[in-house]
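What follows is the content of my_file09.csv, which has CSV, C-alpha atoms and all ligand atoms:
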```csv
chain,number,residue,atom,x,y,z
A,149,MET,CA,1.1,-22.2,-1.1
A,150,SER,CA,3.2,-23.1,1.9
A,151,ILE,CA,1.8,-25.3,4.7
A,152,THR,CA,2.9,-22.5,7.1
A,153,SER,CA,0.0,-20.1,7.8
A,154,LEU,CA,0.7,-16.5,7.1
A,155,GLY,CA,-1.1,-15.6,10.3
A,156,GLU,CA,1.4,-17.4,12.5
A,157,GLY,CA,3.9,-15.8,14.8
A,158,ARG,CA,1.7,-12.9,15.9
A,159,THR,CA,2.0,-11.8,19.5
A,160,GLY,CA,-0.2,-8.8,19.4
A,161,PRO,CA,0.4,-5.2,18.1
A,162,ALA,CA,4.0,-4.1,18.5
A,163,HIS,CA,3.1,-0.5,18.5
A,164,ALA,CA,0.2,1.6,20.0
A,165,LYS,CA,-2.8,1.9,17.7
A,166,VAL,CA,-2.6,5.0,15.5
A,167,THR,CA,-5.7,7.1,15.0
A,168,THR,CA,-6.5,10.5,13.5
A,169,HIS,CA,-5.8,11.9,16.9
A,170,THR,CA,-2.3,10.4,17.0
A,171,ILE,CA,-1.6,12.0,13.7
A,172,GLN,CA,-2.9,15.4,14.7
A,173,GLU,CA,-1.0,15.3,18.0
A,174,LYS,CA,2.2,14.5,16.2
A,175,LYS,CA,1.9,17.7,14.3
A,176,LEU,CA,1.4,19.7,17.5
A,177,ARG,CA,4.4,18.0,19.1
A,178,ARG,CA,6.4,18.5,15.9
A,179,GLU,CA,7.1,14.8,15.6
A,180,PRO,CA,7.5,13.6,12.0
A,181,ILE,CA,4.6,11.4,10.7
A,182,THR,CA,5.5,8.4,8.6
A,183,CYS,CA,3.3,6.9,5.8
A,184,LEU,CA,3.9,4.2,3.2
A,185,THR,CA,1.7,2.7,0.6
A,186,ALA,CA,1.0,-1.0,0.7
A,187,TYR,CA,-1.4,-3.3,-1.2
A,188,ASP,CA,-1.2,-6.8,0.2
A,189,TYR,CA,-1.0,-8.9,3.4
A,190,ALA,CA,2.7,-9.7,3.5
A,191,THR,CA,4.2,-6.3,2.8
A,192,SER,CA,1.5,-4.5,4.9
A,193,ARG,CA,2.4,-6.7,7.8
A,194,LEU,CA,6.1,-5.8,7.5
A,195,VAL,CA,5.3,-2.1,7.2
A,196,ASP,CA,2.9,-2.2,10.2
A,197,GLU,CA,5.4,-4.2,12.4
A,198,ALA,CA,8.1,-1.6,11.5
A,199,GLY,CA,5.9,1.0,13.3
A,200,ILE,CA,4.9,3.2,10.3
A,201,ASP,CA,2.1,5.5,11.4
A,202,MET,CA,-0.2,5.2,8.3
A,203,ILE,CA,-0.6,2.7,5.5
A,204,LEU,CA,-2.2,4.1,2.4
A,205,VAL,CA,-3.7,1.6,0.0
A,206,GLY,CA,-2.9,4.0,-2.8
A,207,ASP,CA,-4.4,4.0,-6.3
A,208,SER,CA,-0.8,3.7,-7.4
A,209,LEU,CA,-1.8,0.0,-7.0
A,210,ALA,CA,-2.9,0.5,-10.7
A,211,GLN,CA,0.7,1.0,-11.7
A,212,VAL,CA,3.0,-0.8,-9.3
A,213,VAL,CA,0.9,-3.9,-8.8
A,214,LEU,CA,-1.5,-4.1,-11.7
A,215,GLY,CA,0.8,-2.8,-14.4
A,216,TYR,CA,-1.3,0.0,-15.9
A,217,ASP,CA,0.4,3.2,-17.3
A,218,ASN,CA,-1.4,5.5,-14.9
A,219,THR,CA,-3.8,5.4,-11.9
A,220,LEU,CA,-7.0,5.9,-13.9
A,221,PRO,CA,-8.1,2.4,-14.7
A,222,VAL,CA,-8.2,0.9,-11.2
A,223,THR,CA,-11.7,0.1,-10.0
A,224,MET,CA,-13.6,0.4,-6.7
A,225,GLU,CA,-13.7,-3.5,-6.6
A,226,GLU,CA,-9.9,-3.8,-7.0
A,227,MET,CA,-9.3,-1.1,-4.4
A,228,LEU,CA,-11.7,-2.9,-2.0
A,229,HIS,CA,-10.0,-6.2,-2.6
A,230,HIS,CA,-6.5,-4.9,-1.8
A,231,THR,CA,-7.7,-2.8,1.2
A,232,ARG,CA,-9.2,-6.0,2.7
A,233,ALA,CA,-5.8,-7.8,2.4
A,234,VAL,CA,-4.1,-4.9,4.0
A,235,ARG,CA,-6.7,-4.7,6.8
A,236,ARG,CA,-6.1,-8.4,7.6
A,237,ALA,CA,-2.4,-7.7,8.1
A,238,VAL,CA,-2.4,-4.4,10.0
A,239,ARG,CA,-2.8,-4.0,13.8
A,240,SER,CA,-1.3,-0.6,14.7
A,241,ALA,CA,-1.0,1.6,11.7
A,242,MET,CA,-4.0,3.6,10.4
A,243,VAL,CA,-5.3,2.1,7.2
A,244,ILE,CA,-6.4,4.7,4.6
A,245,ALA,CA,-8.0,3.7,1.3
A,246,ASP,CA,-7.5,5.8,-1.8
A,247,MET,CA,-10.7,6.7,-3.6
A,248,PRO,CA,-10.1,5.6,-7.3
A,249,PHE,CA,-10.7,7.8,-10.3
A,250,GLY,CA,-14.5,7.9,-11.0
A,251,ALA,CA,-15.5,6.9,-7.5
A,252,TYR,CA,-16.2,10.5,-6.5
A,253,HIS,CA,-15.9,12.6,-9.6
A,254,GLY,CA,-19.6,12.7,-10.5
A,255,ASP,CA,-22.4,12.8,-8.0
A,256,VAL,CA,-21.5,13.6,-4.4
A,257,ASN,CA,-23.9,10.9,-3.1
A,258,ASP,CA,-21.8,8.3,-5.1
A,259,GLY,CA,-18.7,9.6,-3.5
A,260,VAL,CA,-20.2,9.3,0.0
A,261,ARG,CA,-21.5,5.8,-0.8
A,262,ASN,CA,-18.0,4.7,-2.1
A,263,ALA,CA,-16.3,6.1,1.0
A,264,LEU,CA,-18.6,4.2,3.2
A,265,ARG,CA,-17.9,1.0,1.2
A,266,PHE,CA,-14.2,1.2,2.1
A,267,VAL,CA,-15.0,1.4,5.8
A,268,LYS,CA,-17.9,-1.2,5.9
A,269,GLU,CA,-16.6,-3.7,3.3
A,270,ALA,CA,-12.9,-3.4,3.7
A,271,GLY,CA,-12.2,-2.1,7.2
A,272,ALA,CA,-10.5,1.2,6.2
A,273,GLU,CA,-10.2,3.8,8.9
A,274,ALA,CA,-10.2,6.8,6.5
A,275,VAL,CA,-10.3,7.6,2.8
A,276,LYS,CA,-8.1,9.8,0.6
A,277,LEU,CA,-9.3,11.9,-2.3
A,278,GLU,CA,-7.6,14.2,-4.7
A,279,GLY,CA,-8.6,17.9,-5.3
A,280,GLY,CA,-8.9,21.1,-3.4
A,281,GLU,CA,-11.7,23.6,-3.0
A,282,LYS,CA,-13.9,21.8,-5.4
A,283,ARG,CA,-14.0,18.8,-3.1
A,284,VAL,CA,-15.1,20.7,0.0
A,285,GLU,CA,-18.7,19.7,-0.2
A,286,LEU,CA,-17.8,16.0,-0.7
A,287,VAL,CA,-15.3,16.2,2.2
A,288,LYS,CA,-18.0,17.6,4.5
A,289,ARG,CA,-20.5,15.0,3.5
A,290,VAL,CA,-18.0,12.1,4.0
A,291,LEU,CA,-17.1,13.5,7.4
A,292,ASP,CA,-20.8,13.8,8.2
A,293,ALA,CA,-21.0,10.1,7.4
A,294,GLU,CA,-18.3,9.6,10.1
A,295,VAL,CA,-15.4,8.7,7.7
A,296,PRO,CA,-12.2,10.7,8.2
A,297,VAL,CA,-10.7,12.2,5.0
A,298,MET,CA,-7.1,12.7,3.9
A,299,GLY,CA,-6.9,15.5,1.3
A,300,HIS,CA,-4.4,15.4,-1.6
A,301,ILE,CA,-3.4,18.5,-3.6
A,302,GLY,CA,-0.5,19.6,-5.9
A,303,LEU,CA,0.4,17.0,-8.5
A,304,THR,CA,-2.8,14.9,-8.4
A,305,PRO,CA,-2.2,11.9,-10.6
A,306,GLN,CA,-5.9,11.4,-11.4
A,307,SER,CA,-5.7,14.7,-13.2
A,308,VAL,CA,-2.8,13.6,-15.4
A,309,HIS,CA,-4.7,14.5,-18.7
A,310,LYS,CA,-5.9,17.8,-17.4
A,311,MET,CA,-2.4,18.7,-16.1
A,312,GLY,CA,-0.8,17.6,-19.4
A,313,GLY,CA,1.5,15.1,-17.7
A,314,TYR,CA,3.1,14.6,-14.3
A,315,LYS,CA,4.4,18.1,-13.6
A,316,VAL,CA,5.5,19.8,-10.4
A,317,GLN,CA,2.7,22.2,-9.4
A,318,GLY,CA,2.8,25.6,-7.8
A,319,LYS,CA,5.8,27.1,-9.6
A,320,ASN,CA,4.3,30.5,-10.3
A,321,LEU,CA,2.4,33.0,-8.1
A,322,THR,CA,-1.0,32.3,-9.5
A,323,ASP,CA,-0.6,28.5,-8.9
A,324,ILE,CA,0.8,29.1,-5.4
A,325,GLU,CA,-2.2,31.2,-4.5
A,326,ARG,CA,-4.5,28.4,-5.9
A,327,LEU,CA,-2.7,25.7,-3.8
A,328,MET,CA,-2.8,27.8,-0.7
A,329,LYS,CA,-6.6,28.4,-1.2
A,330,ASP,CA,-7.1,24.7,-1.7
A,331,ALA,CA,-5.1,23.8,1.4
A,332,ILE,CA,-7.0,26.3,3.5
A,333,ALA,CA,-10.4,25.1,2.2
A,334,LEU,CA,-9.6,21.5,2.9
A,335,ASP,CA,-8.2,22.3,6.3
A,336,ARG,CA,-11.4,24.2,7.2
A,337,ALA,CA,-13.6,21.4,5.8
A,338,GLY,CA,-11.9,19.2,8.4
A,339,VAL,CA,-9.5,16.8,6.6
A,340,PHE,CA,-7.4,15.0,9.2
A,341,SER,CA,-4.3,15.3,7.0
A,342,LEU,CA,-3.3,16.6,3.7
A,343,VAL,CA,-1.0,15.1,1.1
A,344,LEU,CA,1.1,17.6,-0.8
A,345,GLU,CA,2.5,16.0,-3.9
A,346,GLY,CA,5.1,17.4,-6.4
A,347,VAL,CA,5.3,21.0,-5.1
A,348,PRO,CA,8.3,23.2,-4.5
A,349,ARG,CA,9.7,22.8,-1.0
A,350,GLU,CA,9.1,26.5,-0.3
A,351,VAL,CA,5.4,26.2,-1.1
A,352,ALA,CA,5.0,23.1,1.0
A,353,ALA,CA,6.7,24.8,3.9
A,354,MET,CA,4.3,27.8,3.6
A,355,ILE,CA,1.2,25.6,3.5
A,356,SER,CA,2.4,23.4,6.4
A,357,ASN,CA,2.8,26.6,8.5
A,358,GLU,CA,-0.6,28.0,7.4
A,359,VAL,CA,-2.9,25.0,8.0
A,360,SER,CA,-3.5,23.2,11.3
A,361,THR,CA,-4.0,19.8,9.6
A,362,PRO,CA,-0.8,17.7,9.3
A,363,THR,CA,0.7,17.9,5.8
A,364,ILE,CA,2.2,14.7,4.4
A,365,GLY,CA,4.7,15.4,1.6
A,366,ILE,CA,5.7,13.3,-1.4
A,367,GLY,CA,8.1,15.3,-3.6
A,368,ALA,CA,7.4,18.3,-1.5
A,369,GLY,CA,10.6,18.7,0.6
A,370,PRO,CA,11.4,18.2,4.2
A,371,ASP,CA,9.3,20.9,5.8
A,372,CYS,CA,6.0,18.9,5.7
A,373,ASP,CA,4.7,17.4,8.9
A,374,GLY,CA,5.2,13.9,7.5
A,375,GLN,CA,6.3,12.0,4.5
A,376,VAL,CA,4.8,9.3,2.3
A,377,LEU,CA,6.4,7.2,-0.4
A,378,VAL,CA,5.3,4.4,-2.6
A,379,PHE,CA,6.4,1.0,-1.2
A,380,HIS,CA,7.7,-0.3,-4.5
A,381,ASP,CA,9.7,2.9,-5.1
A,382,ILE,CA,11.7,2.6,-2.0
A,383,LEU,CA,12.5,-1.0,-2.8
A,384,ASN,CA,13.4,-0.7,-6.5
A,385,MET,CA,10.4,-2.6,-7.7
A,386,THR,CA,9.1,-0.2,-10.3
A,387,PHE,CA,11.1,-1.1,-13.4
A,388,ALA,CA,11.7,2.6,-14.2
A,389,PRO,CA,14.1,5.3,-13.2
A,390,PRO,CA,12.9,6.8,-9.9
A,391,ALA,CA,11.5,10.4,-9.6
A,392,LYS,CA,13.9,12.9,-8.0
A,393,PHE,CA,12.3,12.6,-4.6
A,394,VAL,CA,12.5,8.8,-4.3
A,395,ARG,CA,15.1,7.4,-2.0
A,396,ARG,CA,15.8,3.7,-2.4
A,397,TYR,CA,16.2,1.8,0.8
A,398,GLY,CA,16.7,-1.6,-0.7
A,399,ASP,CA,16.9,-3.6,-3.9
A,400,ALA,CA,14.1,-6.1,-3.7
A,401,ALA,CA,14.2,-6.5,-7.5
A,402,ALA,CA,17.8,-7.8,-7.3
A,403,LEU,CA,17.0,-9.9,-4.2
A,404,ILE,CA,13.9,-11.6,-5.8
A,405,SER,CA,15.6,-12.0,-9.2
A,406,ASN,CA,18.6,-13.8,-7.6
A,407,ALA,CA,16.4,-16.0,-5.5
A,408,VAL,CA,14.3,-17.0,-8.5
A,409,GLN,CA,17.4,-17.8,-10.6
A,410,GLN,CA,18.9,-19.8,-7.9
A,411,PHE,CA,15.7,-21.9,-7.4
A,412,LYS,CA,15.6,-22.5,-11.2
A,413,ALA,CA,19.2,-23.6,-11.2
A,414,ASP,CA,18.8,-25.9,-8.1
A,415,VAL,CA,15.7,-27.7,-9.6
A,416,GLU,CA,17.4,-28.1,-13.0
A,417,SER,CA,20.6,-29.5,-11.4
A,418,GLY,CA,18.6,-31.8,-9.1
A,419,SER,CA,20.0,-30.2,-5.9
A,420,TYR,CA,16.5,-29.1,-4.8
A,421,PRO,CA,14.8,-30.7,-2.9
A,422,SER,CA,17.3,-32.6,-0.9
A,423,ASP,CA,16.5,-35.6,1.3
A,424,GLU,CA,16.4,-33.2,4.4
A,425,GLU,CA,13.8,-31.1,2.6
A,426,SER,CA,11.6,-34.2,2.0
A,427,TYR,CA,8.9,-35.7,4.3
A,428,HIS,CA,9.5,-39.3,5.3
A,429,LEU,CA,7.3,-42.2,6.3
A,430,PRO,CA,7.5,-43.6,9.8
A,431,LYS,CA,9.9,-46.6,9.8
A,432,ASP,CA,7.2,-49.3,10.4
A,433,THR,CA,5.0,-47.9,7.7
A,434,LYS,CA,7.9,-47.9,5.3
A,435,ALA,CA,8.8,-51.5,6.1
A,436,VAL,CA,5.2,-52.6,5.4
A,437,LEU,CA,5.1,-50.6,2.2
A,438,ASP,CA,8.4,-52.1,1.0
A,439,ALA,CA,7.1,-55.6,1.6
A,440,ILE,CA,3.9,-54.9,-0.3
A,441,TYR,CA,5.8,-53.4,-3.2
A,442,ALA,CA,8.2,-56.3,-3.3
A,443,ARG,CA,5.3,-58.9,-3.4
A,444,LYS,CA,3.7,-56.9,-6.2
A,445,GLN,CA,6.9,-56.9,-8.2
A,446,MET,CA,7.3,-60.7,-7.7
A,447,LYS,CA,3.7,-61.3,-8.9
A,448,ALA,CA,4.4,-59.2,-12.0
A,449,GLY,CA,7.3,-61.5,-12.7
A,450,LYS,CA,9.9,-59.0,-11.9
A,451,ALA,CA,12.3,-60.7,-9.4
A,452,VAL,CA,13.4,-58.5,-6.7
A,453,LEU,CA,16.7,-60.0,-6.0
A,454,SER,CA,19.2,-58.9,-3.5
A,455,ILE,CA,22.4,-60.7,-4.2
A,501,LIG,O1,-1.6,6.4,-4.7
A,501,LIG,C1,-0.6,6.8,-4.1
A,501,LIG,O2,0.4,6.0,-4.0
A,501,LIG,C2,-0.7,8.1,-3.6
A,501,LIG,C3,0.5,8.8,-3.0
A,501,LIG,C4,0.2,10.0,-2.2
A,501,LIG,C5,1.6,8.1,-2.5
A,501,LIG,O3,-1.7,8.7,-3.7
```
Spell out the structure here as structure tokens.
Ligand code: KIV
Amino acid sequence: MSITSLGEGRTGPAHAKVTTHTIQEKKLRREPITCLTAYDYATSRLVDEAGIDMILVGDSLAQVVLGYDNTLPVTMEEMLHHTRAVRRAVRSAMVIADMPFGAYHGDVNDGVRNALRFVKEAGAEAVKLEGGEKRVELVKRVLDAEVPVMGHIGLTPQSVHKMGGYKVQGKNLTDIERLMKDAIALDRAGVFSLVLEGVPREVAAMISNEVSTPTIGIGAGPDCDGQVLVFHDILNMTFAPPAKFVRRYGDAAALISNAVQQFKADVESGSYPSDEESYHLPKDTKAVLDAIYARKQMKAGKAVLSI
């Protein structure tokens, strides 16, 4: 760990605090809403300082940070742990915690309790949960508990087994009707925003027009009220070919890999650390230390001769 504190260099929030109201007003003003996932202090701080509106501590954590094949194994404790790290970094963006699989799929009371844990124990300002009409009761109960809710419909990764894989949703009339009903039900229940994942552009556009809540698309085309992407996707940190909708904005994998290889080479060649990269004793302390060392060497019978 560096001696430099990670908290240094803060001068206060660079951007105005984003709230559920900001997000809703943006839809009314037709201003695009930005959202990225993040899972740790350093990257959340960069995302926040760049002025992104919302940071989602997504359960994609399971895959991009913890190395699981899908989002299902990530636990409440792991999500809380990472949400706390994000909370410590973020000053302006809204911090939303993703409810992990199993945290709200049984008893509604458990769902409410888990939503409250994200606010009370990790400082989240809202929670996200997957599913449409069938989540209406839970959404209302979580809202009654004063916790804003972001909905999520379309390709819902926690339903991967039921969906039979990660497939674009809403491609036939029956599915489109289902999606529209889900969106309207969540809108009426009071979600402050709604993620539309993996749906045809035309369907996302219809839903965005129909509901008053802001829609946040991922693989849902440009007509949503905002867009969300996974942080590791936009930086080429996922070790797999990207989905069609991912745009890469940088190559952090190459950057990190080059830096690590260079460090290895420098240590192995002896060029790191240099004298300039070393701490030094004050001159008088060094003189005393040299004298003590020389006396010790003499006593041990090793002549310290300077000819
Ligand atoms: O977990 C996640 O990353 C998500 C997406 C909407 C980005 O749920």
Selection near Asp371 (chain A), 8 Å with all atoms listed in the file, sequence-local residues under 6 positions removed, as a short mmCIF file (atom, residue, chain, number, x, y, z; two decimals) with C-alpha atoms, keeping the file's coordinate frame:
```cif
data_model
loop_
_atom_site.label_atom_id
_atom_site.label_comp_id
_atom_site.auth_asym_id
_atom_site.auth_seq_id
_atom_site.Cartn_x
_atom_site.Cartn_y
_atom_site.Cartn_z
CA ARG A 349 9.70 22.80 -1.00
CA ALA A 352 5.00 23.10 1.00
CA ALA A 353 6.70 24.80 3.90
CA SER A 356 2.40 23.40 6.40
#
```
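All residues, whether protein, DNA or RNA, that have an atom at most 6 Å from ligand LIG 501 (chain A) (counting only C-alpha atoms and all ligand atoms) are Thr185, Gly206, Asp207, Ser208, Val376, Leu377 and Val378 of chain A.
Counting from CA of Arg326 (chain A), the distance to CA of Met202 (chain A) is 27.5 Å.
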**OP:** Compile the contact shell of Gly318 (chain A) as number ranges by chain: residues with an atom at most 6 Å away, counting only C-alpha atoms, same-chain residues fewer than 4 positions apart removed.
**Re:** A: 323-324, 347
**OP:** Please measure the separation of CA of Arg177 (chain A) and CA of Ala368 (chain A), giving the value in Å to one decimal.
**Re:**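 We find that CA of Arg177 (chain A) and CA of Ala368 (chain A) lie 20.8 Å from each other.
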**OP:** Please provide the set of residues having any atom within 7 Å of region 299-315 of chain A, restricted to all atoms listed in the file, with same-chain residues fewer than 5 positions apart removed, written as a list in words.
**Re:** Thr219, Leu220, Phe249, Lys276, Leu277, Glu278, Gly279, Gly280, Leu327, Leu334, Val339, Ser341, Leu342, Val343, Leu344, Glu345, Gly346 and Val347 of chain A
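Distances from A:Val205, A:Leu429, A:Val238, A:Val213 to Phe266 (chain A) were compared using only C-alpha atoms, and the smallest one belongs to A:Val205.
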Subject >> Counting all atoms listed in the file, the residue of A:Lys268, A:Glu358, A:Gln375, A:Arg283 that sits nearest Cys183 (chain A) >> reply: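 Using all atoms listed in the file, Cys183 (chain A) sits closest to A:Gln375.
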Original post:
Which residue, A:Leu403, A:Val394, A:Val359, A:Leu214, has the smallest gap to Asp373 (chain A) when you use only C-alpha atoms?
Top reply: A:Val359
Subject >> Shell around Cys372 (chain A) at 6 Å using only C-alpha atoms, local window under 2 positions removed, as a count of residues only >> reply: 6
Original post:
Which of these, A:Glu281, A:Asn320, A:Phe340, A:Phe411, has the shortest distance to Pro296 (chain A) once you count only C-alpha atoms?
Top reply: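 That would be A:Phe340, the residue with the smallest distance to Pro296 (chain A).
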Original post:
CA of Leu286 (chain A) and CA of Leu321 (chain A), how far apart in Å?
Top reply: 27.4 Å
**OP:** Could you please give me, as a list in words, the residues of protein, DNA or RNA lying at most 12 Å from (-19.6, 11.0, -4.1) in the coordinate frame of the file, considering only C-alpha atoms?
**Re:** Met247, Pro248, Phe249, Gly250, Ala251, Tyr252, His253, Gly254, Asp255, Val256, Asn257, Asp258, Gly259, Val260, Arg261, Asn262, Ala263, Leu264, Arg265, Leu277, Arg283, Val284, Glu285, Leu286, Val287, Lys288, Arg289, Val290 and Ala293 of chain A
Subject >> Near-Ser192 (chain A) list (7 Å; only C-alpha atoms; drop same-chain fewer than 6 positions) as a PyMOL selection string >> reply: chain A and resi 186+234+237-238
**OP:** Tell me which of A:Ser240, A:Ser405, A:Lys392, A:Asp414 sits closest to Thr170 (chain A), counting all atoms listed in the file.
**Re:** A:Ser240
